[in-house]
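Trainee: Have a peek at final.cif (mmCIF, C-alpha atoms).
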data_protein
loop_
_atom_site.label_atom_id
_atom_site.label_comp_id
_atom_site.auth_asym_id
_atom_site.auth_seq_id
_atom_site.Cartn_x
_atom_site.Cartn_y
_atom_site.Cartn_z
CA MET R 188 81.36 72.98 48.60
CA ARG R 189 83.25 69.74 49.16
CA PRO R 190 87.01 70.08 49.78
CA SER R 191 87.64 68.01 46.64
CA LYS R 192 85.20 70.16 44.60
CA ARG R 193 83.30 66.99 43.68
CA ALA R 194 79.53 66.91 43.21
CA ALA R 195 77.56 65.39 46.08
CA ASP R 196 77.02 62.14 44.16
CA GLU R 197 80.47 61.95 42.57
CA LEU R 198 82.96 59.17 43.31
CA ARG R 199 86.66 59.82 43.57
CA ALA R 200 88.70 58.55 40.62
CA VAL R 201 88.55 54.73 40.95
CA THR R 202 90.93 52.24 39.34
CA LEU R 203 91.09 48.45 39.65
CA GLU R 204 94.38 46.97 38.43
CA ARG R 205 94.46 43.17 38.26
CA GLY R 206 97.39 40.77 38.40
CA VAL R 207 99.74 43.02 40.36
CA SER R 208 101.18 40.20 42.49
CA LYS R 209 103.37 37.59 40.78
CA HIS R 210 102.71 34.85 43.32
CA ALA R 211 99.10 35.28 44.47
CA GLU R 212 96.35 33.31 42.72
CA GLY R 213 94.39 36.56 42.47
CA SER R 214 95.35 40.18 43.10
CA CYS R 215 94.12 43.73 42.62
CA LEU R 216 95.51 47.16 43.37
CA VAL R 217 92.44 49.29 44.06
CA LYS R 218 92.54 53.07 44.22
CA PHE R 219 89.74 55.29 45.49
CA GLY R 220 91.41 58.65 44.90
CA ASP R 221 94.39 58.80 47.26
CA THR R 222 93.34 55.66 49.12
CA HIS R 223 95.34 52.73 47.70
CA VAL R 224 94.90 49.12 48.83
CA LEU R 225 96.68 45.98 47.62
CA CYS R 226 94.32 42.99 47.71
CA THR R 227 95.70 39.47 47.26
CA ALA R 228 93.79 36.18 47.30
CA SER R 229 95.65 33.03 48.33
CA LEU R 230 94.36 29.49 47.85
CA GLU R 231 95.00 27.16 50.77
CA GLU R 232 94.14 23.48 50.52
CA ARG R 233 92.74 23.33 54.01
CA VAL R 234 89.71 24.53 55.91
CA PRO R 235 89.20 25.59 59.54
CA PRO R 236 89.00 22.58 61.88
CA TRP R 237 85.29 23.09 62.48
CA LEU R 238 84.60 22.71 58.72
CA ARG R 239 86.53 19.50 58.11
CA GLY R 240 84.50 16.75 56.47
CA GLN R 241 81.58 19.03 55.56
CA ASN R 242 82.39 19.25 51.83
CA ARG R 243 82.40 23.04 51.85
CA GLY R 244 85.06 25.69 51.82
CA TRP R 245 85.73 29.00 53.50
CA VAL R 246 86.65 32.56 52.55
CA THR R 247 88.36 34.76 55.12
CA ALA R 248 90.14 38.10 55.12
CA GLU R 249 92.92 39.97 56.85
CA TYR R 250 93.40 43.75 56.81
CA GLY R 251 96.25 46.00 57.78
CA MET R 252 97.78 49.42 57.23
CA LEU R 253 101.43 49.92 56.36
CA PRO R 254 103.37 52.16 58.78
CA ARG R 255 103.39 55.18 56.43
CA ALA R 256 99.91 54.73 54.98
CA THR R 257 99.02 57.88 56.94
CA GLY R 258 100.70 61.20 57.68
CA ASP R 259 102.57 59.91 60.70
CA ARG R 260 104.31 56.55 60.93
CA MET R 261 102.16 54.00 62.71
CA ARG R 262 103.71 51.17 64.66
CA ARG R 263 103.20 47.78 63.05
CA GLU R 264 100.55 45.85 64.94
CA ALA R 265 102.77 42.77 64.86
CA SER R 266 105.35 44.63 66.92
CA ALA R 267 102.66 45.53 69.44
CA GLY R 268 101.77 41.87 69.80
CA LYS R 269 98.10 42.18 68.89
CA GLN R 270 95.70 43.67 66.39
CA SER R 271 93.65 46.72 67.26
CA GLY R 272 89.91 46.41 67.65
CA ARG R 273 89.47 48.53 64.52
CA THR R 274 91.60 46.17 62.44
CA GLN R 275 89.70 43.10 63.68
CA GLU R 276 86.35 44.74 62.97
CA ILE R 277 87.33 45.72 59.42
CA GLN R 278 88.75 42.34 58.44
CA ARG R 279 85.66 40.58 59.77
CA LEU R 280 83.53 42.94 57.69
CA ILE R 281 85.55 42.12 54.57
CA GLY R 282 85.25 38.38 55.21
CA ARG R 283 81.49 38.56 55.83
CA SER R 284 81.00 40.63 52.70
CA LEU R 285 82.88 38.18 50.46
CA ARG R 286 81.15 35.12 51.90
CA ALA R 287 77.79 36.71 51.10
CA ILE R 288 78.41 36.14 47.38
CA VAL R 289 80.24 32.78 47.52
CA ASP R 290 78.72 29.30 47.21
CA LEU R 291 80.90 27.59 49.81
CA GLU R 292 79.78 24.11 48.78
CA ALA R 293 80.76 24.77 45.15
CA LEU R 294 84.15 26.00 46.38
CA GLY R 295 84.98 22.60 47.88
CA GLU R 296 87.16 21.87 50.91
CA VAL R 297 89.64 24.71 50.43
CA GLN R 298 90.12 28.12 51.97
CA ILE R 299 90.72 31.39 50.15
CA SER R 300 92.40 34.03 52.29
CA VAL R 301 92.15 37.60 51.03
CA ASP R 302 94.71 40.05 52.38
CA CYS R 303 93.95 43.77 52.12
CA ASP R 304 96.99 45.91 52.83
CA VAL R 305 96.51 49.67 52.87
CA ILE R 306 99.44 51.33 51.12
CA GLN R 307 98.04 54.85 51.39
CA ALA R 308 95.01 56.03 53.35
CA ASP R 309 92.75 58.99 52.62
CA GLY R 310 89.40 57.75 53.90
CA GLY R 311 87.31 54.77 52.83
CA THR R 312 89.95 52.08 53.30
CA ARG R 313 87.39 49.40 54.21
CA THR R 314 85.12 50.18 51.27
CA ALA R 315 88.03 50.19 48.82
CA SER R 316 89.24 46.91 50.34
CA ILE R 317 85.91 45.15 49.79
CA THR R 318 85.60 46.43 46.22
CA GLY R 319 89.14 45.35 45.29
CA ALA R 320 88.88 42.10 47.25
CA TRP R 321 86.08 40.94 44.95
CA ILE R 322 88.41 41.23 41.96
CA ALA R 323 91.19 39.30 43.72
CA LEU R 324 88.75 36.61 44.87
CA ARG R 325 87.24 36.28 41.41
CA ASP R 326 90.63 35.87 39.78
CA CYS R 327 91.62 33.25 42.35
CA ILE R 328 88.49 31.26 41.51
CA GLU R 329 89.23 31.62 37.78
CA TRP R 330 92.72 30.25 38.53
CA MET R 331 91.05 27.25 40.14
CA LYS R 332 88.67 26.78 37.21
CA ALA R 333 91.59 26.69 34.78
CA ARG R 334 92.97 23.74 36.76
CA ASP R 335 89.63 21.91 37.05
CA MET R 336 89.58 22.49 40.80
CA VAL R 337 85.98 23.75 40.68
CA THR R 338 83.26 22.63 38.30
CA ARG R 339 80.34 24.81 39.44
CA ASP R 340 79.85 28.55 39.69
CA VAL R 341 81.34 29.70 43.00
CA LEU R 342 80.59 33.42 42.84
CA THR R 343 76.90 34.27 42.96
CA ASP R 344 77.18 38.03 42.45
CA HIS R 345 79.43 41.08 42.61
CA ILE R 346 80.10 42.82 45.93
CA ALA R 347 81.22 46.41 46.43
CA ALA R 348 81.15 49.01 49.17
CA ILE R 349 81.06 52.78 49.48
CA SER R 350 80.97 55.40 52.19
CA CYS R 351 78.38 58.16 52.45
CA GLY R 352 77.97 60.92 54.97
CA ILE R 353 76.46 64.25 55.83
CA TYR R 354 79.08 66.94 55.37
CA GLU R 355 78.21 70.53 56.26
CA GLY R 356 74.53 69.58 56.16
CA THR R 357 74.66 67.90 52.74
CA PRO R 358 74.52 64.14 52.05
CA VAL R 359 77.59 63.22 49.99
CA LEU R 360 79.11 60.09 48.42
CA ASP R 361 82.55 58.55 48.93
CA LEU R 362 84.10 60.61 51.72
CA ASP R 363 87.81 61.35 51.68
CA TYR R 364 89.64 62.00 54.95
CA ALA R 365 89.00 65.75 54.95
CA GLU R 366 85.25 65.08 54.89
CA ASP R 367 85.23 61.91 56.99
CA SER R 368 87.07 63.57 59.88
CA THR R 369 84.51 66.35 60.22
CA ALA R 370 81.27 64.79 58.88
CA GLU R 371 78.14 65.05 61.02
CA THR R 372 77.15 61.52 59.94
CA ASP R 373 79.35 58.76 58.56
CA ALA R 374 78.06 55.52 56.99
CA ASN R 375 79.40 52.56 55.04
CA PHE R 376 77.22 50.50 52.70
CA VAL R 377 78.06 47.02 51.39
CA MET R 378 75.83 45.81 48.58
CA THR R 379 75.71 43.19 45.85
CA GLY R 380 75.60 43.85 42.15
CA SER R 381 71.92 42.93 42.10
CA GLY R 382 71.15 45.51 44.79
CA GLY R 383 71.02 43.31 47.88
CA ILE R 384 72.16 44.90 51.12
CA VAL R 385 74.88 42.95 52.92
CA GLU R 386 75.78 45.41 55.68
CA ILE R 387 75.20 49.03 56.70
CA GLN R 388 77.30 50.82 59.30
CA GLY R 389 76.07 54.29 60.21
CA THR R 390 76.98 56.68 63.01
CA ALA R 391 75.94 60.18 63.95
CA GLU R 392 79.06 62.03 64.99
CA GLY R 393 77.02 64.96 66.30
CA ALA R 394 73.28 65.43 66.06
CA PRO R 395 71.22 62.31 65.21
CA PHE R 396 70.31 61.91 61.55
CA SER R 397 66.74 61.54 60.36
CA GLU R 398 65.04 58.75 58.47
CA GLU R 399 64.82 61.06 55.47
CA GLU R 400 68.57 61.73 55.61
CA PHE R 401 69.24 57.99 55.87
CA ALA R 402 67.12 57.41 52.76
CA GLN R 403 69.20 60.03 50.93
CA LEU R 404 72.43 58.31 51.98
CA LEU R 405 71.07 54.95 50.85
CA GLY R 406 70.13 56.43 47.49
CA LEU R 407 73.64 57.83 47.06
CA ALA R 408 75.15 54.48 48.04
CA LYS R 409 73.04 52.57 45.52
CA GLY R 410 74.18 54.84 42.71
CA GLY R 411 77.81 54.68 43.78
CA ILE R 412 77.85 50.89 44.10
CA THR R 413 76.21 50.53 40.68
CA ARG R 414 79.12 52.49 39.22
CA LEU R 415 81.69 50.46 41.17
CA VAL R 416 80.18 47.19 39.92
CA ASP R 417 80.32 48.54 36.37
CA LEU R 418 84.03 49.24 36.92
CA GLN R 419 84.52 45.70 38.25
CA LYS R 420 82.85 44.31 35.14
CA MET R 421 85.08 46.41 32.90
CA ALA R 422 88.20 45.31 34.83
CA ILE R 423 87.55 41.60 34.24
CA LEU R 424 86.79 41.83 30.53
#
Could you rewrite the structure in this file as structure tokens?
Mentor:
Amino acid sequence: MRPSKRAADELRAVTLERGVSKHAEGSCLVKFGDTHVLCTASLEERVPPWLRGQNRGWVTAEYGMLPRATGDRMRREASAGKQSGRTQEIQRLIGRSLRAIVDLEALGEVQISVDCDVIQADGGTRTASITGAWIALRDCIEWMKARDMVTRDVLTDHIAAISCGIYEGTPVLDLDYAEDSTAETDANFVMTGSGGIVEIQGTAEGAPFSEEEFAQLLGLAKGGITRLVDLQKMAIL
């Protein structure tokens, strides 16, 4: 039995609230159960130096956790003078995931920076961030369309992410912290709305997992991401 009493293939309660930031061109407050992330997309009329003159844009991401996102207060990384390796790895993952479904030439010579700030953490912060970041990015691009800043379709698909793992010998979907901290296997899946795989991160925390178990996790992830994409579609109606 899972600590949350959920079925093995059951997501936590997921909400995607748009337009929560007054100033950002696109924003979304995403909640995967007790994991809450504020995603904001900011349009910048510049590109990285290595992209200048190439008639294409860029999408990047930053990620961070507020000091009381967890049970104990964490020191702000800015006060430490550098980001942790975990933070850098997660924000690069978010950026790669978003760029996988963006036509950078259609975007033009601008940059969209998506900030994902974890307000409250209970497992799955990176997967919630990616899922909410798509909403913020989409609304930023719609903001541009309304001002004739883009004339072609920039987004090529949806993108969402979910965690899966083996908990007490059973493959389960969307791990909360109680499961994630003790799971025998922990994996994150990033996929497009059309079913394309963008990235898979999987680790055996104890005994190695089998090919059959991996196939079960992939099957759970596909079902979970299909439901997340449906929720994205409902949110933007």
Trainee: Nearest residue to Asp302 of chain R out of R:Gly251, R:Gly240, R:Gly258, R:Pro358, using only C-alpha atoms?
Mentor: R:Gly251
Trainee: So, counting all atoms listed in the file, which residue among R:Glu386, R:Thr247, R:Gly310, R:Asp417 is closest to Ser368 of chain R?
Mentor: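 Ranked by minimum distance to Ser368 of chain R, first place goes to R:Gly310.
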Trainee: Can you spell out as a ChimeraX atom specification the set of residues that the PyMOL selection byres ((chain R and resi 290) around 10) selects in the structure I just provided?
Mentor: /R:243-245,286-289,291-295,339-343
Trainee: Decode the PyMOL selection byres ((chain R and resi 421) around 12) for the given file into explicit residues and return them as a tab-separated table (two decimals) with C-alpha atoms, keeping the file's coordinate frame.
Mentor:
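To be explicit, this is the file written out as expr-v1.tsv:
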chain	number	residue	atom	x	y	z
R	202	THR	CA	90.93	52.24	39.34
R	203	LEU	CA	91.09	48.45	39.65
R	204	GLU	CA	94.38	46.97	38.43
R	205	ARG	CA	94.46	43.17	38.26
R	322	ILE	CA	88.41	41.23	41.96
R	414	ARG	CA	79.12	52.49	39.22
R	415	LEU	CA	81.69	50.46	41.17
R	416	VAL	CA	80.18	47.19	39.92
R	417	ASP	CA	80.32	48.54	36.37
R	418	LEU	CA	84.03	49.24	36.92
R	419	GLN	CA	84.52	45.70	38.25
R	420	LYS	CA	82.85	44.31	35.14
R	422	ALA	CA	88.20	45.31	34.83
R	423	ILE	CA	87.55	41.60	34.24
R	424	LEU	CA	86.79	41.83	30.53
Trainee: Each residue of segment 296-408 of chain R with at least one atom at most 10 Å from segment 232-236 of chain R should appear once, together with its nearest atom pair and the corresponding distance in Å (one decimal); atoms considered: only C-alpha atoms; ordering: chain, then increasing residue number; output as CSV.
Mentor:
residue,atom,partner,partner_atom,distance
R:Glu296,CA,R:Val234,CA,6.2
R:Val297,CA,R:Glu232,CA,4.7
R:Gln298,CA,R:Val234,CA,5.3
R:Ile299,CA,R:Glu232,CA,8.6
Trainee: Would you mind telling me which residue in R:Gln388, R:Leu198, R:Leu238, R:Trp330 lies nearest to Glu276 of chain R when using all atoms listed in the file?
Mentor: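 Ranking R:Gln388, R:Leu198, R:Leu238, R:Trp330 by distance to Glu276 of chain R, first place goes to R:Gln388.
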Trainee: What does the PyMOL selection byres ((chain R and resi 349) around 7) select in this file, as a list in words?
Mentor: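 Selected by the PyMOL selection byres ((chain R and resi 349) around 7) here: Thr314, Ala348, Ser350, Cys351, Asp361, Asn375, Phe376, Val377, Ala408, Gly411 and Ile412 of chain R.
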Trainee: Could you save those same residues with C-alpha atoms as a PDB file, in the coordinates of the input?
Mentor:
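As a result, selection.pdb now contains:
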ATOM      1  CA  THR R 314      85.120  50.180  51.270  1.00  0.00           C
ATOM      2  CA  ALA R 348      81.150  49.010  49.170  1.00  0.00           C
ATOM      3  CA  SER R 350      80.970  55.400  52.190  1.00  0.00           C
ATOM      4  CA  CYS R 351      78.380  58.160  52.450  1.00  0.00           C
ATOM      5  CA  ASP R 361      82.550  58.550  48.930  1.00  0.00           C
ATOM      6  CA  ASN R 375      79.400  52.560  55.040  1.00  0.00           C
ATOM      7  CA  PHE R 376      77.220  50.500  52.700  1.00  0.00           C
ATOM      8  CA  VAL R 377      78.060  47.020  51.390  1.00  0.00           C
ATOM      9  CA  ALA R 408      75.150  54.480  48.040  1.00  0.00           C
ATOM     10  CA  GLY R 411      77.810  54.680  43.780  1.00  0.00           C
ATOM     11  CA  ILE R 412      77.850  50.890  44.100  1.00  0.00           C
TER      12      ILE R 412
END
Trainee: Could you give me, as a list in words, the residues that have an atom at most 9 Å away from the point (73.9, 44.6, 47.0) in the coordinates of the file, using only C-alpha atoms?
Mentor: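 The residues that fall inside the cut-off are Asp344, His345, Ile346, Ala347, Ala348, Phe376, Val377, Met378, Thr379, Gly380, Ser381, Gly382, Gly383, Ile384, Val385, Glu386, Lys409, Ile412 and Thr413 of chain R.
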Trainee: When you draw a straight line from atom CA of Ala320 of chain R to atom CA of Leu404 of chain R, how long is it in Å?
Mentor: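 Straight-line distance from atom CA of Ala320 of chain R to atom CA of Leu404 of chain R works out to 23.6 Å.
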Trainee: Point out the residue among R:Gln270, R:Thr312, R:Gln403, R:Ser191 with the least atom-to-atom distance to His223 of chain R, counting only C-alpha atoms.
Mentor: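 Of the candidates, the smallest distance to His223 of chain R is held by R:Thr312.
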Trainee: Show me, as AutoDock Vina command-line options, the centre and edge lengths in Å to one decimal of the axis-aligned box that covers every listed atom of segment 316-334 of chain R with 4 Å on each side.
Mentor:
--center_x 89.3 --center_y 35.3 --center_z 42.6 --size_x 15.4 --size_y 31.2 --size_z 23.6
Trainee: Could you check the closest approach to Leu324 of chain R for each of R:Gly406, R:Asp196, R:Ser208, R:Cys215 and tell me which residue wins, using only C-alpha atoms?
Mentor: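 Smallest separation from Leu324 of chain R among the options: R:Cys215.
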Trainee: Find the residues around Ser316 of chain R up to 10 Å (only C-alpha atoms counted), leave out those fewer than 2 positions away in its own chain, and share them as a ChimeraX atom specification.
Mentor: /R:215-219,222-226,250,277-278,281,301-305,311-314,318-321,347-348
Trainee: Which is closer to Ala323 of chain R than all the others in R:Ser300, R:Asn242, R:Ser266, R:Gln275, using all atoms listed in the file?
Mentor: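 Answer, going by the shortest atom-to-atom distance: R:Ser300.
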Trainee: One decimal, Å: what's the distance from atom CA of Gln307 of chain R over to atom CA of Arg255 of chain R, could you say?
Mentor: 7.4 Å
Trainee: Starting from the point (92.5, 62.5, 57.1), work out which residues of protein, DNA or RNA have an atom no more than 9 Å away when counting all atoms listed in the file; state them as an mmCIF file with C-alpha atoms, keeping the file's coordinate frame.
Mentor:
data_model
loop_
_atom_site.group_PDB
_atom_site.id
_atom_site.type_symbol
_atom_site.label_atom_id
_atom_site.label_comp_id
_atom_site.auth_asym_id
_atom_site.auth_seq_id
_atom_site.Cartn_x
_atom_site.Cartn_y
_atom_site.Cartn_z
ATOM 1 C CA THR R 257 99.020 57.880 56.940
ATOM 2 C CA GLY R 258 100.700 61.200 57.680
ATOM 3 C CA ALA R 308 95.010 56.030 53.350
ATOM 4 C CA ASP R 309 92.750 58.990 52.620
ATOM 5 C CA GLY R 310 89.400 57.750 53.900
ATOM 6 C CA ASP R 363 87.810 61.350 51.680
ATOM 7 C CA TYR R 364 89.640 62.000 54.950
ATOM 8 C CA ALA R 365 89.000 65.750 54.950
ATOM 9 C CA GLU R 366 85.250 65.080 54.890
ATOM 10 C CA ASP R 367 85.230 61.910 56.990
ATOM 11 C CA SER R 368 87.070 63.570 59.880
#
Trainee: Just give me the gap between atom CA of Gly272 of chain R and atom CA of Ala374 of chain R in Å, one decimal is fine.
Mentor: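 Separation of atom CA of Gly272 of chain R and atom CA of Ala374 of chain R: 18.4 Å.
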